[in-house]
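Below is run-v2.tsv, which holds TSV, C-alpha atoms.
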```
chain	number	residue	atom	x	y	z
A	1	MET	CA	0.00	0.00	0.00
A	2	LEU	CA	1.45	3.35	-1.08
A	3	PRO	CA	1.40	6.21	1.42
A	4	ILE	CA	-0.72	9.33	1.04
A	5	ILE	CA	1.67	12.23	0.64
A	6	ASN	CA	0.12	15.66	1.09
A	7	ILE	CA	2.01	17.94	-1.28
A	8	ASN	CA	1.27	20.91	0.98
A	9	ASP	CA	3.66	19.40	3.50
A	10	PHE	CA	6.43	20.19	1.02
A	11	ASN	CA	5.75	23.86	0.68
A	12	TYR	CA	8.00	26.60	1.99
A	13	ASP	CA	8.27	30.35	1.56
A	14	LEU	CA	10.74	31.20	-1.21
A	15	PRO	CA	11.08	34.98	-1.56
A	16	GLU	CA	11.45	36.20	-5.13
A	17	GLU	CA	14.74	37.89	-4.32
A	18	ARG	CA	16.26	34.53	-3.37
A	19	ILE	CA	15.77	33.09	-6.87
A	20	ALA	CA	19.02	33.49	-8.79
A	21	ARG	CA	18.16	35.19	-12.09
A	22	TYR	CA	21.69	34.89	-13.44
A	23	PRO	CA	24.67	32.64	-12.68
A	24	LEU	CA	27.74	33.88	-10.87
A	25	PRO	CA	30.63	35.00	-13.11
A	26	GLU	CA	32.70	32.07	-11.79
A	27	ARG	CA	30.83	28.77	-11.75
A	28	ASP	CA	32.76	27.25	-8.86
A	29	ALA	CA	32.43	30.36	-6.67
A	30	SER	CA	28.92	29.34	-5.68
A	31	ARG	CA	28.26	28.39	-2.11
A	32	LEU	CA	28.09	24.75	-1.04
A	33	LEU	CA	25.98	23.56	1.88
A	34	VAL	CA	27.25	20.26	3.31
A	35	TRP	CA	24.74	18.02	5.13
A	36	LYS	CA	26.17	14.89	6.74
A	37	ASN	CA	24.91	12.88	9.70
A	38	GLY	CA	22.44	15.64	10.44
A	39	ALA	CA	25.15	18.34	10.73
A	40	ILE	CA	25.40	21.32	8.38
A	41	ALA	CA	28.53	23.14	7.24
A	42	HIS	CA	29.00	26.00	4.77
A	43	ARG	CA	31.71	25.89	2.13
A	44	VAL	CA	32.48	27.14	-1.39
A	45	PHE	CA	31.88	24.82	-4.31
A	46	ARG	CA	35.49	24.78	-5.50
A	47	GLU	CA	36.32	23.14	-2.15
A	48	LEU	CA	34.28	20.04	-3.06
A	49	PRO	CA	37.36	17.86	-3.78
A	50	ASP	CA	38.61	18.57	-0.25
A	51	LEU	CA	35.39	17.13	1.20
A	52	LEU	CA	35.71	13.75	-0.49
A	53	SER	CA	37.92	10.85	0.56
A	54	GLY	CA	39.03	9.97	-2.97
A	55	ASP	CA	37.47	6.49	-2.88
A	56	GLU	CA	34.24	7.63	-4.50
A	57	VAL	CA	32.90	7.17	-8.01
A	58	MET	CA	31.08	10.30	-9.17
A	59	PHE	CA	28.45	10.15	-11.91
A	60	PHE	CA	27.77	13.11	-14.20
A	61	ASN	CA	24.87	13.54	-16.61
A	62	ASN	CA	26.51	14.57	-19.89
A	63	THR	CA	23.32	15.58	-21.68
A	64	LYS	CA	23.57	18.87	-23.55
A	65	VAL	CA	20.80	21.44	-23.57
A	66	ILE	CA	19.36	22.26	-26.97
A	67	PRO	CA	17.98	25.72	-27.82
A	68	ALA	CA	14.48	24.27	-27.63
A	69	ARG	CA	12.39	27.45	-27.92
A	70	MET	CA	11.60	28.70	-31.44
A	71	TYR	CA	9.39	31.49	-32.76
A	72	PHE	CA	7.46	31.69	-36.03
A	73	ARG	CA	5.21	34.44	-37.38
A	74	LYS	CA	1.96	33.82	-39.17
A	75	GLU	CA	1.27	35.69	-42.39
A	76	THR	CA	-1.11	37.86	-40.36
A	77	GLY	CA	1.78	38.82	-38.05
A	78	GLY	CA	0.74	36.73	-35.05
A	79	LEU	CA	3.59	35.16	-33.10
A	80	VAL	CA	3.64	31.40	-32.42
A	81	GLU	CA	6.08	29.97	-29.88
A	82	ILE	CA	7.14	26.34	-30.26
A	83	PHE	CA	8.86	24.66	-27.34
A	84	LEU	CA	10.33	21.25	-28.14
A	85	LEU	CA	9.54	18.57	-25.57
A	86	SER	CA	10.52	15.20	-27.02
A	87	PRO	CA	11.09	13.70	-30.46
A	88	TYR	CA	8.18	11.71	-31.86
A	89	GLU	CA	9.46	10.59	-35.25
A	90	PRO	CA	12.16	9.38	-34.93
A	91	PRO	CA	11.54	8.82	-31.19
A	92	VAL	CA	15.21	8.62	-30.14
A	93	VAL	CA	16.80	11.96	-29.17
A	94	ASP	CA	20.21	11.30	-30.70
A	95	LEU	CA	18.66	10.30	-34.01
A	96	ALA	CA	16.32	13.29	-34.02
A	97	MET	CA	19.19	15.72	-33.52
A	98	ARG	CA	21.00	14.25	-36.52
A	99	SER	CA	17.81	13.95	-38.54
A	100	ALA	CA	17.06	15.23	-42.03
A	101	PRO	CA	13.89	17.20	-42.90
A	102	GLY	CA	10.54	15.67	-42.02
A	103	LEU	CA	11.06	14.89	-38.35
A	104	VAL	CA	8.23	15.36	-35.85
A	105	TRP	CA	8.43	16.61	-32.25
A	106	ALA	CA	5.94	16.72	-29.41
A	107	CYS	CA	5.83	20.37	-28.31
A	108	THR	CA	4.07	22.91	-26.21
A	109	ILE	CA	2.78	25.70	-28.39
A	110	GLY	CA	2.10	29.28	-27.45
A	111	ASN	CA	-0.87	30.78	-29.36
A	112	LEU	CA	-1.96	27.26	-30.37
A	113	LYS	CA	-5.60	28.28	-30.88
A	114	ARG	CA	-4.56	30.63	-33.70
A	115	TRP	CA	-2.53	28.03	-35.59
A	116	THR	CA	-4.57	25.95	-38.02
A	117	GLU	CA	-3.65	22.29	-38.29
A	118	GLY	CA	-1.93	21.53	-41.58
A	119	VAL	CA	-1.07	25.18	-42.32
A	120	PRO	CA	2.74	25.63	-42.43
A	121	LEU	CA	4.60	28.49	-40.77
A	122	ARG	CA	7.84	29.61	-42.39
A	123	ARG	CA	10.95	31.53	-41.46
A	124	THR	CA	14.40	32.05	-42.94
A	125	VAL	CA	17.41	30.94	-40.92
A	126	VAL	CA	21.06	31.72	-41.67
A	127	VAL	CA	23.33	28.71	-41.16
A	128	ASP	CA	27.03	28.97	-42.01
A	129	GLY	CA	26.36	32.14	-43.99
A	130	GLU	CA	23.65	30.53	-46.13
A	131	GLU	CA	19.91	31.12	-45.95
A	132	VAL	CA	17.77	28.11	-45.11
A	133	SER	CA	13.97	28.05	-45.40
A	134	LEU	CA	12.51	26.36	-42.30
A	135	THR	CA	8.88	25.22	-42.17
A	136	ALA	CA	6.85	24.11	-39.14
A	137	THR	CA	3.52	22.34	-39.66
A	138	LEU	CA	1.05	21.41	-36.93
A	139	VAL	CA	0.16	17.79	-37.72
A	140	ASP	CA	-1.78	16.85	-34.56
A	141	ARG	CA	-3.42	19.57	-32.49
A	142	GLY	CA	-4.42	17.33	-29.59
A	143	ARG	CA	-0.92	15.99	-29.04
A	144	GLN	CA	0.74	19.20	-30.25
A	145	LEU	CA	2.89	17.36	-32.77
A	146	VAL	CA	4.87	19.57	-35.15
A	147	ARG	CA	6.70	18.47	-38.32
A	148	PHE	CA	9.81	20.39	-39.32
A	149	ASP	CA	11.08	20.65	-42.91
A	150	TRP	CA	13.92	22.68	-44.43
A	151	ASP	CA	15.46	23.04	-47.86
A	152	ARG	CA	19.03	21.83	-47.13
A	153	TYR	CA	18.79	18.07	-46.92
A	154	GLY	CA	22.29	17.46	-45.57
A	155	LEU	CA	21.82	19.93	-42.72
A	156	PRO	CA	21.14	18.14	-39.38
A	157	PHE	CA	18.38	19.43	-37.14
A	158	ALA	CA	20.86	20.16	-34.32
A	159	LYS	CA	22.72	22.72	-36.43
A	160	LEU	CA	19.48	24.32	-37.56
A	161	LEU	CA	18.31	24.64	-33.97
A	162	GLU	CA	21.59	26.21	-32.93
A	163	ALA	CA	20.99	28.95	-35.49
A	164	CYS	CA	17.37	29.76	-34.69
A	165	GLY	CA	16.49	28.48	-31.22
A	166	GLU	CA	16.66	30.14	-27.82
A	167	ALA	CA	18.05	28.64	-24.63
A	168	PRO	CA	15.12	27.09	-22.72
A	169	ILE	CA	15.75	28.83	-19.42
A	170	PRO	CA	13.24	27.99	-16.67
A	171	PRO	CA	9.98	29.96	-16.50
A	172	TYR	CA	10.59	30.93	-12.88
A	173	LEU	CA	13.47	33.19	-13.91
A	174	ASN	CA	10.82	35.60	-15.23
A	175	ARG	CA	13.03	37.00	-17.94
A	176	ALA	CA	13.75	36.50	-21.62
A	177	ALA	CA	16.62	34.26	-22.64
A	178	GLU	CA	19.84	36.08	-23.49
A	179	GLU	CA	22.70	35.05	-25.72
A	180	SER	CA	24.85	34.34	-22.66
A	181	ASP	CA	22.37	31.69	-21.50
A	182	LYS	CA	23.37	29.47	-24.42
A	183	SER	CA	26.68	28.84	-22.66
A	184	SER	CA	25.88	29.52	-18.99
A	185	TYR	CA	22.82	27.22	-19.01
A	186	GLN	CA	25.08	24.36	-20.07
A	187	THR	CA	27.51	22.18	-18.14
A	188	VAL	CA	31.16	22.28	-19.17
A	189	TYR	CA	31.05	18.52	-19.81
A	190	GLY	CA	27.79	18.38	-21.80
A	191	LYS	CA	28.22	16.28	-24.96
A	192	ARG	CA	25.01	14.59	-26.07
A	193	GLU	CA	22.43	17.04	-27.34
A	194	GLY	CA	18.83	16.46	-26.36
A	195	ALA	CA	17.90	18.04	-23.01
A	196	VAL	CA	15.33	20.82	-22.86
A	197	ALA	CA	16.36	21.71	-19.30
A	198	ALA	CA	19.83	21.73	-17.79
A	199	PRO	CA	21.03	19.20	-15.20
A	200	THR	CA	21.66	22.21	-13.01
A	201	ALA	CA	23.77	20.57	-10.28
A	202	GLY	CA	26.48	20.28	-12.91
A	203	LEU	CA	26.54	24.01	-13.68
A	204	HIS	CA	28.96	24.57	-10.76
A	205	PHE	CA	31.70	22.31	-12.10
A	206	THR	CA	34.74	23.74	-13.88
A	207	PRO	CA	37.61	21.89	-15.57
A	208	ALA	CA	39.77	22.88	-12.60
A	209	VAL	CA	37.39	21.29	-10.09
A	210	MET	CA	37.15	18.13	-12.17
A	211	ASP	CA	40.94	17.93	-12.47
A	212	ARG	CA	41.28	18.23	-8.69
A	213	LEU	CA	38.69	15.49	-8.18
A	214	GLN	CA	40.71	13.14	-10.37
A	215	GLN	CA	43.94	14.10	-8.63
A	216	LYS	CA	42.23	13.23	-5.34
A	217	GLY	CA	41.47	9.76	-6.71
A	218	VAL	CA	37.75	10.19	-7.38
A	219	HIS	CA	36.67	8.14	-10.39
A	220	LEU	CA	34.56	10.22	-12.80
A	221	GLU	CA	31.83	8.56	-14.87
A	222	GLU	CA	29.42	9.98	-17.45
A	223	LEU	CA	25.95	8.69	-18.22
A	224	THR	CA	23.04	10.39	-19.98
A	225	LEU	CA	19.51	11.40	-19.10
A	226	HIS	CA	17.93	13.84	-21.53
A	227	VAL	CA	16.11	16.17	-19.13
A	228	SER	CA	12.55	17.03	-20.11
A	229	ALA	CA	10.51	20.14	-19.36
A	230	GLY	CA	8.45	18.05	-16.95
A	231	THR	CA	11.09	18.73	-14.33
A	232	PHE	CA	9.56	22.23	-13.93
A	233	ARG	CA	5.97	21.01	-13.68
A	234	PRO	CA	4.59	21.63	-10.18
A	235	VAL	CA	2.76	18.89	-8.33
A	236	LYS	CA	-0.90	19.93	-8.41
A	237	ALA	CA	-2.43	16.72	-7.06
A	238	GLU	CA	-3.16	17.01	-3.35
A	239	ASN	CA	-1.88	13.46	-2.92
A	240	ALA	CA	1.53	13.75	-4.55
A	241	ILE	CA	1.46	10.06	-5.53
A	242	ASP	CA	-1.17	10.94	-8.16
A	243	HIS	CA	1.19	13.28	-10.02
A	244	ASP	CA	1.88	12.25	-13.63
A	245	MET	CA	5.61	11.74	-14.00
A	246	HIS	CA	7.42	12.53	-17.23
A	247	ALA	CA	9.36	9.85	-19.10
A	248	GLU	CA	12.96	10.70	-20.00
A	249	GLN	CA	15.40	8.91	-22.27
A	250	VAL	CA	18.55	7.50	-20.67
A	251	VAL	CA	21.79	6.08	-22.05
A	252	VAL	CA	23.95	3.74	-19.96
A	253	ARG	CA	27.37	2.42	-20.95
A	254	ARG	CA	29.27	-0.72	-20.03
A	255	HIS	CA	31.89	1.23	-18.13
A	256	ASN	CA	29.11	2.74	-15.96
A	257	LEU	CA	28.17	-0.76	-14.82
A	258	ARG	CA	31.78	-1.75	-14.25
A	259	ALA	CA	32.25	1.35	-12.09
A	260	LEU	CA	29.23	0.37	-9.98
A	261	LEU	CA	30.63	-3.13	-9.54
A	262	THR	CA	33.80	-1.76	-7.89
A	263	GLY	CA	31.83	-1.19	-4.71
A	264	ARG	CA	33.08	2.37	-4.32
A	265	PRO	CA	30.75	4.92	-2.64
A	266	VAL	CA	28.55	6.48	-5.31
A	267	VAL	CA	28.12	10.25	-5.62
A	268	ALA	CA	25.41	11.41	-8.03
A	269	VAL	CA	25.82	14.86	-9.54
A	270	GLY	CA	22.23	16.00	-9.72
A	271	THR	CA	18.83	14.41	-9.38
A	272	THR	CA	18.95	13.31	-13.03
A	273	SER	CA	22.08	11.23	-12.43
A	274	MET	CA	20.46	9.85	-9.28
A	275	ARG	CA	17.29	8.87	-11.13
A	276	THR	CA	19.35	7.17	-13.83
A	277	LEU	CA	21.43	5.20	-11.34
A	278	GLU	CA	18.45	4.06	-9.33
A	279	SER	CA	16.68	3.12	-12.59
A	280	ILE	CA	19.66	0.93	-13.52
A	281	TYR	CA	19.12	-0.99	-10.30
A	282	TRP	CA	15.44	-1.60	-10.96
A	283	TYR	CA	16.15	-2.65	-14.52
A	284	GLY	CA	18.63	-5.19	-13.16
A	285	VAL	CA	16.01	-6.47	-10.74
A	286	ARG	CA	13.57	-6.94	-13.62
A	287	LEU	CA	16.18	-8.72	-15.76
A	288	LEU	CA	16.81	-11.29	-13.05
A	289	THR	CA	13.27	-12.61	-13.50
A	290	HIS	CA	12.54	-11.46	-17.08
A	291	PRO	CA	15.82	-11.72	-19.06
A	292	GLY	CA	14.30	-10.24	-22.23
A	293	ALA	CA	12.81	-7.16	-20.54
A	294	ASP	CA	13.23	-3.75	-22.12
A	295	PHE	CA	14.88	-0.92	-20.20
A	296	VAL	CA	11.67	0.89	-19.30
A	297	ILE	CA	11.11	1.94	-15.69
A	298	GLU	CA	7.55	2.99	-14.94
A	299	LYS	CA	6.63	5.62	-12.39
A	300	LEU	CA	5.89	3.27	-9.48
A	301	ALA	CA	7.95	0.24	-10.51
A	302	PRO	CA	10.23	0.37	-7.41
A	303	TYR	CA	7.26	0.09	-5.08
A	304	GLU	CA	6.06	-3.23	-6.52
A	305	TYR	CA	8.76	-5.27	-4.77
A	306	LYS	CA	9.22	-6.43	-1.21
A	307	GLY	CA	12.53	-5.28	0.26
A	308	SER	CA	13.56	-8.58	1.83
A	309	SER	CA	13.62	-10.36	-1.52
A	310	LEU	CA	15.56	-7.74	-3.44
A	311	PRO	CA	19.10	-8.33	-4.74
A	312	SER	CA	22.13	-6.23	-3.92
A	313	MET	CA	23.16	-3.30	-6.09
A	314	GLN	CA	26.12	-5.32	-7.42
A	315	THR	CA	23.88	-8.24	-8.39
A	316	ALA	CA	21.46	-5.96	-10.24
A	317	ALA	CA	24.26	-4.06	-12.00
A	318	ALA	CA	25.89	-7.34	-13.03
A	319	ALA	CA	22.59	-8.46	-14.59
A	320	VAL	CA	22.46	-5.30	-16.72
A	321	LEU	CA	26.10	-5.68	-17.76
A	322	LYS	CA	25.51	-9.32	-18.71
A	323	VAL	CA	22.62	-8.35	-21.01
A	324	MET	CA	24.73	-5.65	-22.65
A	325	GLU	CA	27.54	-8.13	-23.27
A	326	GLU	CA	25.15	-10.78	-24.61
A	327	ARG	CA	23.59	-8.24	-26.99
A	328	ASN	CA	27.02	-6.83	-27.90
A	329	LEU	CA	25.96	-3.35	-26.77
A	330	GLU	CA	28.41	-0.68	-25.64
A	331	GLU	CA	25.44	1.61	-24.97
A	332	LEU	CA	22.02	0.72	-23.64
A	333	TRP	CA	19.09	3.01	-24.39
A	334	GLY	CA	16.15	3.15	-22.05
A	335	SER	CA	13.38	5.26	-20.60
A	336	THR	CA	12.56	6.11	-17.02
A	337	GLU	CA	9.77	7.88	-15.23
A	338	ILE	CA	10.89	6.67	-11.79
A	339	TYR	CA	9.16	8.61	-9.01
A	340	ILE	CA	11.21	9.00	-5.85
A	341	PHE	CA	9.25	10.20	-2.83
A	342	PRO	CA	9.42	9.67	0.96
A	343	GLY	CA	9.47	5.97	1.72
A	344	TYR	CA	11.71	5.09	-1.22
A	345	GLN	CA	14.68	2.89	-0.31
A	346	PHE	CA	17.82	4.01	-2.13
A	347	ARG	CA	19.80	1.19	-3.66
A	348	VAL	CA	22.74	2.88	-5.40
A	349	VAL	CA	23.47	6.47	-4.41
A	350	ASP	CA	25.35	7.37	-1.22
A	351	ALA	CA	25.73	11.14	-1.71
A	352	LEU	CA	24.03	13.72	-3.90
A	353	VAL	CA	25.27	17.05	-5.27
A	354	THR	CA	22.21	19.18	-5.95
A	355	ASN	CA	20.81	22.71	-6.04
A	356	PHE	CA	17.91	24.04	-3.96
A	357	HIS	CA	14.56	23.20	-5.50
A	358	GLN	CA	11.11	24.70	-5.88
A	359	PRO	CA	8.43	24.28	-3.23
A	360	CYS	CA	5.90	21.48	-3.90
A	361	SER	CA	8.09	19.89	-6.58
A	362	THR	CA	8.95	16.28	-7.33
A	363	LEU	CA	12.59	17.20	-6.79
A	364	LEU	CA	11.87	18.34	-3.24
A	365	LEU	CA	10.09	15.03	-2.61
A	366	LEU	CA	13.25	13.28	-3.79
A	367	ILE	CA	15.39	15.36	-1.40
A	368	SER	CA	13.04	14.49	1.45
A	369	ALA	CA	13.30	10.79	0.61
A	370	PHE	CA	17.10	10.93	0.49
A	371	THR	CA	17.65	12.88	3.71
A	372	GLY	CA	14.89	11.11	5.63
A	373	GLY	CA	11.89	12.47	7.49
A	374	GLU	CA	11.72	16.24	7.65
A	375	ALA	CA	15.45	16.90	7.54
A	376	TRP	CA	14.94	18.79	4.27
A	377	LYS	CA	13.17	21.51	6.27
A	378	ASP	CA	16.25	22.07	8.43
A	379	ILE	CA	18.48	22.13	5.35
A	380	TYR	CA	16.31	24.64	3.48
A	381	ARG	CA	15.73	26.77	6.57
A	382	GLU	CA	19.50	26.96	7.08
A	383	ALA	CA	20.08	27.85	3.42
A	384	LEU	CA	17.46	30.59	3.47
A	385	SER	CA	18.72	32.10	6.72
A	386	ASN	CA	22.30	32.12	5.38
A	387	GLY	CA	21.64	33.91	2.13
A	388	TYR	CA	21.90	31.01	-0.33
A	389	ARG	CA	20.71	31.57	-3.89
A	390	PHE	CA	18.00	29.17	-5.06
A	391	LEU	CA	16.96	27.18	-8.15
A	392	SER	CA	18.76	26.60	-11.47
A	393	TYR	CA	21.35	29.38	-11.34
A	394	GLY	CA	21.60	29.26	-7.55
A	395	ASP	CA	23.97	27.72	-5.03
A	396	SER	CA	24.66	24.05	-4.40
A	397	SER	CA	24.71	21.40	-1.69
A	398	ILE	CA	26.13	17.96	-1.08
A	399	LEU	CA	23.84	15.68	0.90
A	400	TYR	CA	24.86	12.31	2.36
A	401	ARG	CA	22.43	9.44	2.79
A	402	ARG	CA	21.79	8.56	6.41
```
Encoding of this model in structure tokens:
Amino acid sequence: MLPIININDFNYDLPEERIARYPLPERDASRLLVWKNGAIAHRVFRELPDLLSGDEVMFFNNTKVIPARMYFRKETGGLVEIFLLSPYEPPVVDLAMRSAPGLVWACTIGNLKRWTEGVPLRRTVVVDGEEVSLTATLVDRGRQLVRFDWDRYGLPFAKLLEACGEAPIPPYLNRAAEESDKSSYQTVYGKREGAVAAPTAGLHFTPAVMDRLQQKGVHLEELTLHVSAGTFRPVKAENAIDHDMHAEQVVVRRHNLRALLTGRPVVAVGTTSMRTLESIYWYGVRLLTHPGADFVIEKLAPYEYKGSSLPSMQTAAAAVLKVMEERNLEELWGSTEIYIFPGYQFRVVDALVTNFHQPCSTLLLLISAFTGGEAWKDIYREALSNGYRFLSYGDSSILYRR
């Protein structure tokens, strides 16, 4: 039986002036709240390597944010905003970003009621000094599916987006995207294009910090979760369990599994890395009884099992690695909508680097689950009373599992 979780219990007063509208000039100059064994300390983010023993394996989400917001004008002059959510045809992010004309995306559309289905909108985009004619056609109003066509067949969609899209900064910043956001709303290690929101815990890392982590002995691993816009969607259901979770595409590699099998303490950089790592565990659990199962983790999948009969993290990770080897896969694609809320038993992650999240959000539920009980209230109260900056461009924390 799942608990009833009143979302109002996860509300707190976040003054507007505490929301960071812009990042600091130096990424690693942000503040770092350290929560361990119930004690709180205040540091600076560039000191993170000094706080670790060197035995850890640290997982980074190397997704790269795409400029997912585009604008088109109707012939009458009306403005239509198209915000890319997830690729529909082809459905795999990496393929969609390399795709030729004719691909279809699921979107949210501003001024949808004034856009007639089947009527194309056009604009001219300059790519590498050449003009390209880009067309957007609404092909399914109910699902807000948009087909994109352009007149340079060899031009991949990613390059076209780079020329005409805007950085998809969060709505709570209450400002228009600026050119600087294209770089600042991006981690320094982002590689695989496809996210429509940044894995913001990673925004604090610099090459210097990562070099110092490696010098300390920390093993650095990269996996991928293409963050969707659902991460910003507030929980409106009074019982938070009823919230519809968003599915996100993940990519896991053999070396990720081998790193887990070393038994080193696991540090997740961001909630997206955490959700990916915990999803790997549950996929391994499923494989142990259904060897042909696809890597698809449903919202409440972790809550279907009884704890006493569950395998260890190493056993589950070994099951995933075995399937990859049998299928001759260096990369494993999957999808997760895992929902982590109070009562969840963590199987993989020992420490979490993360920012400070919105009230009544799924991310705050995750923080509550990880820190146990109402410890999150003490952490957030301490951060607010000590002048920390909140949300995507705000300060950071490292939290240790009790």
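All residues of protein, DNA or RNA that reach within 7 Å of segment 334-341 of chain A, judged by only C-alpha atoms and not counting those fewer than 4 positions away in the chain, are Met245, His246, Ala247, Glu248, Gln249, Val250, Val251, Arg275, Ser279, Phe295, Val296, Ile297, Glu298, Lys299, Leu300, Leu365, Leu366 and Ala369 of chain A.
The two atoms in question, atom CA of Leu155 of chain A and atom CA of Met97 of chain A, are spaced 10.5 Å apart.
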Between A:Gly77, A:Pro3, A:Pro101, A:Pro90, which residue has the minimum interatomic distance to Gly154 of chain A, considering all atoms listed in the file?
A:Pro101
For segment 125-136 of chain A, work out the shell of residues within 6 Å, counting only C-alpha atoms and skipping chain neighbours fewer than 4 positions away, then give it as a list in words.
Pro120, Leu121, Arg147, Phe148, Asp149, Trp150 and Asp151 of chain A
Which residue out of A:Ala293, A:Ile398, A:Met274, A:Ala100 has the minimum interatomic distance to Phe346 of chain A when only C-alpha atoms are used?
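Nearest to Phe346 of chain A: A:Met274.
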Tell me, as a VMD selection string, which residues lie within 9 Å of Ser53 of chain A, counting all atoms listed in the file; anything in the same chain fewer than 2 positions away does not count.
chain A and resid 49 to 51 55 to 56 216 to 218
Would you mind putting N, CA, C and O atoms back on segment 59-73 of chain A and writing the result as a compact mmCIF listing (two decimals), in the coordinates of the input?
```
# COMPACT_ATOMS: atom_id res chain seq x y z
N PHE A 59 29.16 10.27 -10.64
CA PHE A 59 28.45 10.15 -11.91
C PHE A 59 27.90 11.50 -12.35
O PHE A 59 27.19 12.17 -11.59
N PHE A 60 28.22 11.86 -13.60
CA PHE A 60 27.77 13.11 -14.20
C PHE A 60 26.80 12.81 -15.34
O PHE A 60 27.00 11.85 -16.09
N ASN A 61 25.79 13.64 -15.48
CA ASN A 61 24.87 13.54 -16.61
C ASN A 61 25.39 14.42 -17.74
O ASN A 61 25.37 15.64 -17.64
N ASN A 62 25.87 13.79 -18.83
CA ASN A 62 26.51 14.57 -19.89
C ASN A 62 25.56 15.02 -20.99
O ASN A 62 25.99 15.34 -22.10
N THR A 63 24.25 15.04 -20.70
CA THR A 63 23.32 15.58 -21.68
C THR A 63 23.64 17.04 -21.96
O THR A 63 24.20 17.75 -21.10
N LYS A 64 23.32 17.48 -23.16
CA LYS A 64 23.57 18.87 -23.55
C LYS A 64 22.24 19.53 -23.89
O LYS A 64 21.42 18.96 -24.61
N VAL A 65 22.05 20.73 -23.37
CA VAL A 65 20.80 21.44 -23.57
C VAL A 65 20.71 21.95 -25.01
O VAL A 65 21.66 22.55 -25.53
N ILE A 66 19.58 21.72 -25.62
CA ILE A 66 19.36 22.26 -26.97
C ILE A 66 18.59 23.57 -26.87
O ILE A 66 17.84 23.78 -25.91
N PRO A 67 18.76 24.48 -27.82
CA PRO A 67 17.98 25.72 -27.82
C PRO A 67 16.54 25.41 -28.26
O PRO A 67 16.17 25.58 -29.42
N ALA A 68 15.75 24.94 -27.32
CA ALA A 68 14.48 24.27 -27.63
C ALA A 68 13.31 25.21 -27.90
O ALA A 68 12.23 24.76 -28.25
N ARG A 69 13.50 26.50 -27.72
CA ARG A 69 12.39 27.45 -27.92
C ARG A 69 12.58 28.17 -29.25
O ARG A 69 13.60 28.81 -29.49
N MET A 70 11.56 28.06 -30.13
CA MET A 70 11.60 28.70 -31.44
C MET A 70 10.36 29.57 -31.63
O MET A 70 9.31 29.30 -31.05
N TYR A 71 10.51 30.58 -32.47
CA TYR A 71 9.39 31.49 -32.76
C TYR A 71 9.16 31.55 -34.27
O TYR A 71 10.09 31.60 -35.06
N PHE A 72 7.88 31.52 -34.64
CA PHE A 72 7.46 31.69 -36.03
C PHE A 72 6.37 32.76 -36.06
O PHE A 72 5.61 32.92 -35.10
N ARG A 73 6.29 33.47 -37.20
CA ARG A 73 5.21 34.44 -37.38
C ARG A 73 4.26 33.96 -38.46
O ARG A 73 4.66 33.46 -39.50
```
